[in-house]
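The structure file protein02.cif is reproduced below (mmCIF, C-alpha atoms (C1' of nucleotides)).
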```cif
data_my_file
#
loop_
_atom_site.label_atom_id
_atom_site.label_comp_id
_atom_site.auth_asym_id
_atom_site.auth_seq_id
_atom_site.Cartn_x
_atom_site.Cartn_y
_atom_site.Cartn_z
CA MET A 1 66.55 88.11 85.36
CA ALA A 2 68.97 87.70 82.55
CA GLU A 3 71.80 89.51 84.24
CA PRO A 4 71.53 90.68 87.75
CA LEU A 5 75.29 90.68 87.53
CA LEU A 6 77.23 93.72 88.53
CA ASP A 7 80.17 95.15 86.77
CA ILE A 8 83.30 95.64 88.83
CA ALA A 9 82.93 99.38 88.59
CA GLU A 10 79.49 99.16 90.04
CA VAL A 11 80.58 96.97 92.89
CA ALA A 12 83.41 99.35 93.57
CA GLU A 13 81.07 102.28 93.70
CA ARG A 14 78.46 100.63 95.86
CA SER A 15 80.90 99.06 98.27
CA GLY A 16 83.13 102.08 98.54
CA LEU A 17 86.14 99.99 97.67
CA ALA A 18 88.58 100.68 94.89
CA PRO A 19 88.51 98.27 91.98
CA SER A 20 92.09 97.45 92.77
CA ALA A 21 90.98 96.37 96.20
CA LEU A 22 88.37 94.08 94.71
CA ARG A 23 90.96 92.41 92.54
CA PHE A 24 93.24 92.16 95.51
CA TYR A 25 90.53 90.49 97.56
CA GLU A 26 89.83 88.09 94.75
CA LYS A 27 93.45 87.10 94.55
CA ARG A 28 93.35 86.44 98.26
CA GLY A 29 90.21 84.40 97.99
CA LEU A 30 87.87 86.72 99.87
CA VAL A 31 85.46 87.21 97.03
CA ALA A 32 84.88 85.58 93.70
CA SER A 33 83.82 87.18 90.49
CA SER A 34 81.19 85.09 88.84
CA GLY A 35 82.23 85.54 85.24
CA ARG A 36 83.45 88.02 82.75
CA ASN A 37 81.93 90.40 80.38
CA GLY A 38 84.77 90.62 77.95
CA LEU A 39 87.65 91.24 80.30
CA ARG A 40 85.51 92.85 82.92
CA ARG A 41 84.78 90.94 86.06
CA THR A 42 81.15 90.58 86.93
CA TYR A 43 79.81 89.87 90.38
CA ARG A 44 76.58 88.57 91.80
CA PRO A 45 74.86 91.22 93.87
CA ASP A 46 75.32 89.32 97.10
CA VAL A 47 78.98 90.08 96.88
CA LEU A 48 78.07 93.38 98.47
CA ASP A 49 76.98 91.68 101.65
CA ARG A 50 80.18 89.82 101.71
CA LEU A 51 82.18 92.98 101.21
CA ALA A 52 80.33 94.63 104.04
CA LEU A 53 81.24 91.73 106.24
CA ILE A 54 84.83 91.93 105.16
CA ALA A 55 84.98 95.63 105.83
CA CYS A 56 83.65 95.08 109.29
CA ALA A 57 86.06 92.29 110.03
CA ARG A 58 88.92 94.39 108.78
CA GLY A 59 87.76 97.20 110.98
CA ALA A 60 87.85 94.82 113.88
CA GLY A 61 91.47 94.08 113.21
CA PHE A 62 91.36 90.77 111.41
CA THR A 63 93.91 90.17 108.73
CA ILE A 64 92.95 89.36 105.19
CA ALA A 65 94.18 85.81 105.66
CA GLU A 66 92.07 85.29 108.74
CA ILE A 67 89.00 86.61 107.07
CA ALA A 68 89.59 84.31 104.14
CA ARG A 69 89.60 81.39 106.51
CA PHE A 70 86.42 82.46 108.21
CA LEU A 71 84.65 82.91 104.93
CA VAL A 72 84.97 79.32 103.88
CA ALA A 73 83.95 77.98 107.25
CA THR A 74 81.21 75.39 107.60
CA PRO A 75 79.35 74.54 110.79
CA ASP A 76 81.30 71.37 111.26
CA ASP A 77 84.63 73.07 111.37
CA THR A 78 84.94 72.95 115.11
CA GLY A 79 88.49 74.14 115.20
CA LEU A 80 87.49 77.26 113.46
CA ARG A 81 84.54 77.75 115.73
CA ALA A 82 86.88 77.64 118.64
CA ARG A 83 89.10 80.18 117.04
CA MET A 84 86.13 82.43 116.49
CA ALA A 85 85.16 82.19 120.10
CA GLU A 86 88.67 83.08 121.06
CA LYS A 87 88.62 86.04 118.74
CA ALA A 88 85.50 87.15 120.46
CA ARG A 89 87.29 86.99 123.78
CA GLU A 90 90.18 88.96 122.41
CA LEU A 91 87.78 91.54 121.16
CA GLU A 92 86.48 91.92 124.68
CA GLU A 93 89.93 92.87 125.79
CA ASP A 94 90.31 95.27 122.94
CA ILE A 95 87.02 96.84 123.81
CA ALA A 96 88.10 97.25 127.39
CA ARG A 97 91.33 98.84 126.30
CA LEU A 98 89.68 101.23 123.92
CA THR A 99 87.18 102.15 126.57
CA ARG A 100 89.92 102.99 129.00
CA MET A 101 91.66 105.00 126.35
CA ARG A 102 88.53 106.89 125.58
CA ASP A 103 88.01 107.73 129.22
CA GLY A 104 91.60 108.81 129.51
CA LEU A 105 91.24 111.12 126.56
CA HIS A 106 88.04 112.54 127.89
CA HIS A 107 89.75 113.33 131.11
CA ALA A 108 92.79 114.69 129.38
CA SER A 109 90.79 117.16 127.43
CA THR A 110 89.69 118.87 130.61
CA CYS A 111 92.57 118.19 132.96
CA MET A 112 94.95 120.94 134.01
CA HIS A 113 98.24 119.24 134.58
CA GLU A 114 101.45 120.68 133.33
CA PRO A 115 102.42 118.24 130.71
CA LEU A 116 99.14 116.46 130.39
CA VAL A 117 100.97 113.22 130.70
CA ALA A 118 101.90 114.03 134.24
CA CYS A 119 98.33 113.99 135.45
CA PRO A 120 98.00 111.19 137.97
CA ASP A 121 94.43 110.41 136.99
CA PHE A 122 95.44 110.20 133.40
CA LYS A 123 98.29 107.92 134.19
CA ARG A 124 96.17 105.75 136.38
CA THR A 125 94.13 104.97 133.31
CA PHE A 126 96.98 103.06 131.85
CA LYS A 127 98.21 101.17 134.82
CA GLY A 128 95.95 98.30 134.03
CA PRO A 129 97.20 95.17 132.35
CA VAL A 130 99.42 96.50 129.68
CA PRO A 131 98.34 95.04 126.36
CA PRO A 132 99.28 91.46 125.75
CA VAL A 133 101.53 91.24 122.78
CA THR A 134 101.67 94.77 121.56
CA GLY A 135 105.10 95.73 120.50
CA ARG A 136 106.97 92.51 120.78
CA ALA A 137 108.79 91.26 117.75
CA ARG A 138 106.89 88.70 115.71
CA PRO A 139 107.35 88.95 111.98
CA ASP A 140 103.64 88.42 111.56
CA GLY A 141 103.09 91.89 112.90
CA ARG A 142 99.74 92.14 114.56
CA ARG A 143 98.37 95.58 114.53
CA LEU A 144 95.24 96.86 116.15
CA ALA A 145 95.44 95.80 119.70
CA GLY A 146 97.46 92.73 119.68
CA VAL A 147 94.33 90.95 118.63
CA ALA A 148 95.38 87.57 117.35
CA ALA A 149 98.93 86.51 117.93
CA SER A 150 99.56 83.87 120.50
CA ALA A 151 102.69 85.81 121.17
CA GLY A 152 105.94 84.47 122.43
CA ARG A 153 109.44 84.32 121.06
CA ALA A 154 111.54 87.36 120.79
CA ARG A 155 114.73 87.41 118.83
CA THR A 156 117.71 89.02 120.41
CA GLY A 157 117.44 86.87 123.40
CA ALA A 158 116.93 90.25 124.97
CA GLY A 159 113.93 88.57 126.40
CA GLU A 160 114.06 87.42 129.93
CA MET I 1 119.89 107.49 145.34
CA ALA I 2 123.03 107.57 143.32
CA GLU I 3 121.64 105.78 140.30
CA PRO I 4 118.09 104.74 140.15
CA LEU I 5 118.78 104.75 136.44
CA LEU I 6 117.87 101.78 134.33
CA ASP I 7 119.90 100.29 131.60
CA ILE I 8 118.22 99.94 128.22
CA ALA I 9 118.24 96.19 128.54
CA GLU I 10 116.40 96.45 131.80
CA VAL I 11 113.81 98.79 130.42
CA ALA I 12 113.34 96.48 127.48
CA GLU I 13 112.78 93.55 129.73
CA ARG I 14 110.42 95.27 132.09
CA SER I 15 108.40 96.99 129.42
CA GLY I 16 108.27 94.00 127.15
CA LEU I 17 109.57 96.07 124.27
CA ALA I 18 112.57 95.25 122.15
CA PRO I 19 115.58 97.51 122.62
CA SER I 20 115.28 98.41 118.99
CA ALA I 21 111.80 99.66 119.72
CA LEU I 22 113.09 101.85 122.52
CA ARG I 23 115.64 103.42 120.24
CA PHE I 24 113.00 103.82 117.63
CA TYR I 25 110.72 105.61 120.09
CA GLU I 26 113.54 107.85 121.16
CA LYS I 27 114.24 108.85 117.61
CA ARG I 28 110.60 109.71 117.26
CA GLY I 29 110.56 111.73 120.43
CA LEU I 30 108.30 109.50 122.49
CA VAL I 31 110.79 108.83 125.22
CA ALA I 32 114.11 110.27 126.26
CA SER I 33 117.07 108.50 127.69
CA SER I 34 118.51 110.48 130.53
CA GLY I 35 122.16 109.83 129.96
CA ARG I 36 124.67 107.23 129.01
CA ASN I 37 126.72 104.72 130.80
CA GLY I 38 129.45 104.36 128.27
CA LEU I 39 127.46 103.94 125.12
CA ARG I 40 124.50 102.45 126.88
CA ARG I 41 121.39 104.51 127.23
CA THR I 42 120.09 104.87 130.73
CA TYR I 43 116.55 105.76 131.63
CA ARG I 44 114.80 107.11 134.67
CA PRO I 45 112.38 104.56 136.08
CA ASP I 46 109.36 106.64 135.25
CA VAL I 47 109.99 105.90 131.62
CA LEU I 48 108.13 102.70 132.29
CA ASP I 49 104.94 104.59 132.98
CA ARG I 50 105.39 106.47 129.83
CA LEU I 51 105.95 103.30 127.88
CA ALA I 52 102.81 101.79 129.34
CA LEU I 53 100.91 104.84 128.19
CA ILE I 54 102.42 104.58 124.77
CA ALA I 55 101.58 100.91 124.51
CA CYS I 56 98.02 101.66 125.39
CA ALA I 57 97.74 104.49 122.92
CA ARG I 58 99.23 102.34 120.22
CA GLY I 59 96.78 99.64 121.07
CA ALA I 60 94.01 102.14 120.65
CA GLY I 61 95.14 102.86 117.14
CA PHE I 62 97.11 106.06 117.49
CA THR I 63 100.11 106.54 115.31
CA ILE I 64 103.54 107.18 116.72
CA ALA I 65 103.40 110.75 115.48
CA GLU I 66 100.10 111.41 117.18
CA ILE I 67 101.32 110.00 120.42
CA ALA I 68 104.40 112.16 120.23
CA ARG I 69 102.21 115.20 119.91
CA PHE I 70 100.06 114.19 122.84
CA LEU I 71 103.06 113.60 125.02
CA VAL I 72 104.32 117.12 124.81
CA ALA I 73 100.92 118.66 125.27
CA THR I 74 100.34 121.34 127.86
CA PRO I 75 96.97 122.37 129.29
CA ASP I 76 96.89 125.51 127.23
CA ASP I 77 97.11 123.74 123.94
CA THR I 78 93.45 124.02 123.14
CA GLY I 79 93.75 122.76 119.63
CA LEU I 80 95.22 119.58 120.88
CA ARG I 81 92.56 119.26 123.52
CA ALA I 82 89.98 119.44 120.83
CA ARG I 83 91.74 116.77 118.87
CA MET I 84 91.81 114.57 121.92
CA ALA I 85 88.12 114.99 122.40
CA GLU I 86 87.56 114.06 118.82
CA LYS I 87 89.73 111.01 119.19
CA ALA I 88 87.58 110.03 122.10
CA ARG I 89 84.54 110.28 119.89
CA GLU I 90 86.17 108.18 117.24
CA LEU I 91 87.01 105.61 119.82
CA GLU I 92 83.34 105.38 120.69
CA GLU I 93 82.62 104.38 117.16
CA ASP I 94 85.41 101.87 117.18
CA ILE I 95 84.09 100.41 120.39
CA ALA I 96 80.66 100.08 118.89
CA ARG I 97 82.08 98.34 115.86
CA LEU I 98 84.16 95.94 117.88
CA THR I 99 81.19 95.18 120.05
CA ARG I 100 79.10 94.28 117.06
CA MET I 101 81.89 92.16 115.75
CA ARG I 102 82.23 90.36 119.01
CA ASP I 103 78.52 89.60 119.08
CA GLY I 104 78.68 88.37 115.53
CA LEU I 105 81.52 86.04 116.36
CA HIS I 106 79.77 84.77 119.43
CA HIS I 107 76.77 83.94 117.36
CA ALA I 108 78.85 82.44 114.61
CA SER I 109 80.49 80.02 116.95
CA THR I 110 77.15 78.42 117.73
CA CYS I 111 75.19 78.99 114.55
CA MET I 112 74.41 76.15 112.19
CA HIS I 113 74.30 77.71 108.77
CA GLU I 114 75.90 76.08 105.81
CA PRO I 115 78.71 78.39 105.07
CA LEU I 116 78.66 80.34 108.29
CA VAL I 117 78.66 83.49 106.29
CA ALA I 118 75.25 82.71 104.95
CA CYS I 119 73.59 82.95 108.33
CA PRO I 120 71.10 85.80 108.20
CA ASP I 121 71.63 86.71 111.82
CA PHE I 122 75.32 86.83 111.30
CA LYS I 123 74.93 88.97 108.27
CA ARG I 124 72.56 91.29 110.02
CA THR I 125 75.37 92.11 112.37
CA PHE I 126 77.19 93.86 109.61
CA LYS I 127 74.41 95.73 107.96
CA GLY I 128 74.98 98.68 110.20
CA PRO I 129 76.89 101.73 109.04
CA VAL I 130 79.77 100.16 107.29
CA PRO I 131 82.96 101.64 108.70
CA PRO I 132 83.78 105.15 107.66
CA VAL I 133 86.99 105.15 105.77
CA THR I 134 88.05 101.57 105.94
CA GLY I 135 89.48 100.39 102.73
CA ARG I 136 89.44 103.52 100.74
CA ALA I 137 92.59 104.72 99.10
CA ARG I 138 94.38 107.41 101.07
CA PRO I 139 98.13 107.26 101.00
CA ASP I 140 98.11 107.95 104.70
CA GLY I 141 96.83 104.47 105.25
CA ARG I 142 94.80 104.37 108.40
CA ARG I 143 94.60 101.00 109.94
CA LEU I 144 92.62 99.89 112.92
CA ALA I 145 89.16 101.01 112.32
CA GLY I 146 89.55 104.06 110.27
CA VAL I 147 90.32 105.83 113.51
CA ALA I 148 91.97 109.09 112.60
CA ALA I 149 91.77 110.11 108.97
CA SER I 150 89.28 112.77 108.15
CA ALA I 151 88.68 110.62 105.11
CA GLY I 152 87.31 111.93 101.91
CA ARG I 153 88.78 111.88 98.46
CA ALA I 154 88.72 108.78 96.50
CA ARG I 155 90.27 108.56 93.16
CA THR I 156 88.00 106.70 90.83
CA GLY I 157 85.24 109.10 91.47
CA ALA I 158 83.68 106.06 92.99
CA GLY I 159 81.95 108.73 94.92
CA GLU I 160 79.81 107.75 97.82
"C1'" DG U 1 87.95 99.76 60.72
"C1'" DT U 2 89.15 103.03 64.17
"C1'" DG U 3 88.67 105.35 68.38
"C1'" DT U 4 87.66 105.73 73.03
"C1'" DG U 5 87.82 104.46 77.56
"C1'" DA U 6 87.27 101.42 81.15
"C1'" DC U 7 88.86 97.46 82.16
"C1'" DT U 8 92.89 93.52 82.47
"C1'" DT U 9 97.50 91.79 84.25
"C1'" DG U 10 101.83 91.50 86.99
"C1'" DA U 11 105.11 94.06 89.24
"C1'" DA U 12 106.57 97.77 91.77
"C1'" DG U 13 105.79 101.26 95.24
"C1'" DC U 14 104.00 103.38 99.59
"C1'" DG U 15 103.24 104.24 104.65
"C1'" DC U 16 103.60 102.48 109.06
"C1'" DG U 17 105.96 100.29 112.78
"C1'" DA U 18 109.23 98.11 113.78
"C1'" DT U 19 113.20 94.46 113.24
"C1'" DT U 20 117.59 93.16 111.46
"C1'" DC U 21 122.04 93.81 109.70
"C1'" DA U 22 126.84 95.48 109.31
"C1'" DA U 23 130.20 97.85 111.36
"C1'" DG U 24 131.83 100.26 115.17
"C1'" DT U 25 132.54 101.48 120.32
"C1'" DC U 26 132.96 100.79 124.95
"C1'" DA U 27 133.73 98.51 130.00
"C1'" DA U 28 135.16 94.76 132.30
"C1'" DG U 29 137.88 90.66 132.82
"C1'" DG U 30 141.62 87.33 131.94
"C1'" DC C 1 146.72 93.86 125.53
"C1'" DC C 2 143.14 91.43 123.67
"C1'" DT C 3 138.81 89.23 124.00
"C1'" DT C 4 134.11 89.11 125.06
"C1'" DG C 5 129.65 90.66 124.75
"C1'" DA C 6 126.21 93.94 125.09
"C1'" DC C 7 125.48 97.95 123.44
"C1'" DT C 8 125.76 101.97 119.49
"C1'" DT C 9 124.53 103.86 114.75
"C1'" DG C 10 122.36 104.32 110.14
"C1'" DA C 11 120.56 101.91 106.52
"C1'" DA C 12 118.18 98.15 104.75
"C1'" DT C 13 114.46 94.95 105.10
"C1'" DC C 14 109.95 93.03 106.38
"C1'" DG C 15 104.75 92.33 106.54
"C1'" DC C 16 100.43 94.15 105.73
"C1'" DG C 17 97.00 96.17 102.78
"C1'" DC C 18 96.47 98.15 99.35
"C1'" DT C 19 97.48 101.70 95.20
"C1'" DT C 20 99.77 102.86 91.13
"C1'" DC C 21 102.05 102.04 86.99
"C1'" DA C 22 102.96 100.23 82.28
"C1'" DA C 23 101.38 97.68 78.80
"C1'" DG C 24 97.82 95.11 76.84
"C1'" DT C 25 92.78 93.75 75.72
"C1'" DC C 26 88.13 94.09 74.97
"C1'" DA C 27 83.05 96.06 73.92
"C1'" DC C 28 80.85 99.48 71.95
"C1'" DA C 29 80.05 103.76 69.21
"C1'" DC C 30 81.12 105.92 65.25
#
```
Final structure tokens representation of the file:
Amino acid sequence: MAEPLLDIAEVAERSGLAPSALRFYEKRGLVASSGRNGLRRTYRPDVLDRLALIACARGAGFTIAEIARFLVATPDDTGLRARMAEKARELEEDIARLTRMRDGLHHASTCMHEPLVACPDFKRTFKGPVPPVTGRARPDGRRLAGVAASAGRARTGAGE
Amino acid sequence: MAEPLLDIAEVAERSGLAPSALRFYEKRGLVASSGRNGLRRTYRPDVLDRLALIACARGAGFTIAEIARFLVATPDDTGLRARMAEKARELEEDIARLTRMRDGLHHASTCMHEPLVACPDFKRTFKGPVPPVTGRARPDGRRLAGVAASAGRARTGAGE
DNA sequence: GTGTGACTTGAAGCGCGATTCAAGTCAAGG
DNA sequence: CCTTGACTTGAATCGCGCTTCAAGTCACAC
């Protein structure tokens, strides 16, 4: 039990992340190395769980900064709980959107309309509520599906 | 019926996109303006449908280039059909991932573990197949959920 | 003591999707 | 005619999530 500690290279290999990514995450406060072996960072094995969580959250469209906030959360942080619940709601929308998209693609791959885009069925798929924020300015640049972002404010005044 | 044509400002307003975005899309071949009124681009009203489609596709994680390819597709482009079907499959995975994430968040917002991250239930949520590509190098930088990207090749030899 | 080789750092670069800027052009109105 | 103001263009910039680079440092084997 002397050293269950993992070398950075090992963590990189097991997690599938590049060492540079691990350092990057550390700088951003997502993970902590638990010491050094010479210059080398060493990690406790449970860092792998954490990295798996991070990977999942990233895959779900959360930013590094958001994840960092979640990771330090305690049960009494009610504000954060609320934000989590809201995220969950946003994810529902994303799921709905992706589902529609999937159906549209399925249809498209068997539909016989001239330019595929012209297919009325295909088009109908997208008539629903057009994504919330998606596209609008915002220097914070949400990505995935307009997940976070309370939206608002455009620049040019082009807005209504 | 003289001019059902829309001014760029109008399209911007109705679509919720910035004019700069419309020009950007035009440059990338996603939409076409159908003429000019002076310098001003004018669009046929159906461009709005197209923009809705684009917004949806973007929300689903497709790149601008991919969307451009889809938009010019004809029924006889079998290769593209295949790619669409594959995209649909990838979306299924994304949907599954988001669903798990949503459940995890739901749980997290009511769970009472010290650092929320320590909750075993919460953690269990992420033990599944950790996203495919997510995080790995690749100068093509996939985003959302590792959607596209046939993945592969890492540098460090980090291997699996 | 000298290599070797994998790490360390900070800074710079990349790809994507836009936005923003500077400078120019045009139509309409006073 | 000259202003106004919304557009035009191309080029530059931004934010995110990393990767890559250059230069330096350390443990370990010889």
Rounded to one decimal, what separation in Å do you get between CA of Ser15 in chain A and CA of Val31 in chain A?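 CA of Val31 in chain A lies 12.8 Å from CA of Ser15 in chain A.
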Per-residue nearest contacts chain U to range 3-27 of chain C, cut-off 8 Å, using only C-alpha atoms (C1' of nucleotides), as a tab-separated table:
```
residue	atom	partner	partner_atom	distance
U:DC7	C1'	C:DC26	C1'	8.0
U:DT8	C1'	C:DT25	C1'	6.8
U:DA12	C1'	C:DC21	C1'	7.8
U:DG13	C1'	C:DT20	C1'	7.5
U:DT19	C1'	C:DC14	C1'	7.7
U:DT20	C1'	C:DT13	C1'	7.3
U:DC21	C1'	C:DA12	C1'	7.6
U:DG24	C1'	C:DT8	C1'	7.6
U:DT25	C1'	C:DT8	C1'	6.8
```
Could you tell me how far CA of Cys56 in chain A sits from CA of Leu53 in chain I, in Å to one decimal place?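 Computing the Euclidean distance for CA of Leu53 in chain I and CA of Cys56 in chain A yields 27.4 Å.
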Pairwise distance for CA of Glu114 in chain A and CA of Thr99 in chain A, rounded to one decimal in Å: 24.3 Å
Can you pull out the residues contacting range 44-47 of chain A? Cut-off 8 Å, using all atoms listed in the file, and skip same-chain residues under 2 positions away; I want them as a VMD selection string. chain A and resid 4 to 6 31 33 to 34 42 49 to 51
Enumerate as number ranges by chain the residues belonging to chain U that approach chain I to within 7 Å, with only C-alpha atoms (C1' of nucleotides) taken into account. U: 15, 18, 26
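Against the coordinates shown, the PyMOL selection byres ((chain A and resi 73-83) around 9) returns Arg69, Phe70, Leu71, Val72, Met84, Ala85, Glu86, Lys87 and Ala88 of chain A; Leu105, Ala108, Ser109, Thr110, Cys111, Met112, His113, Glu114, Pro115, Leu116 and Val117 of chain I.
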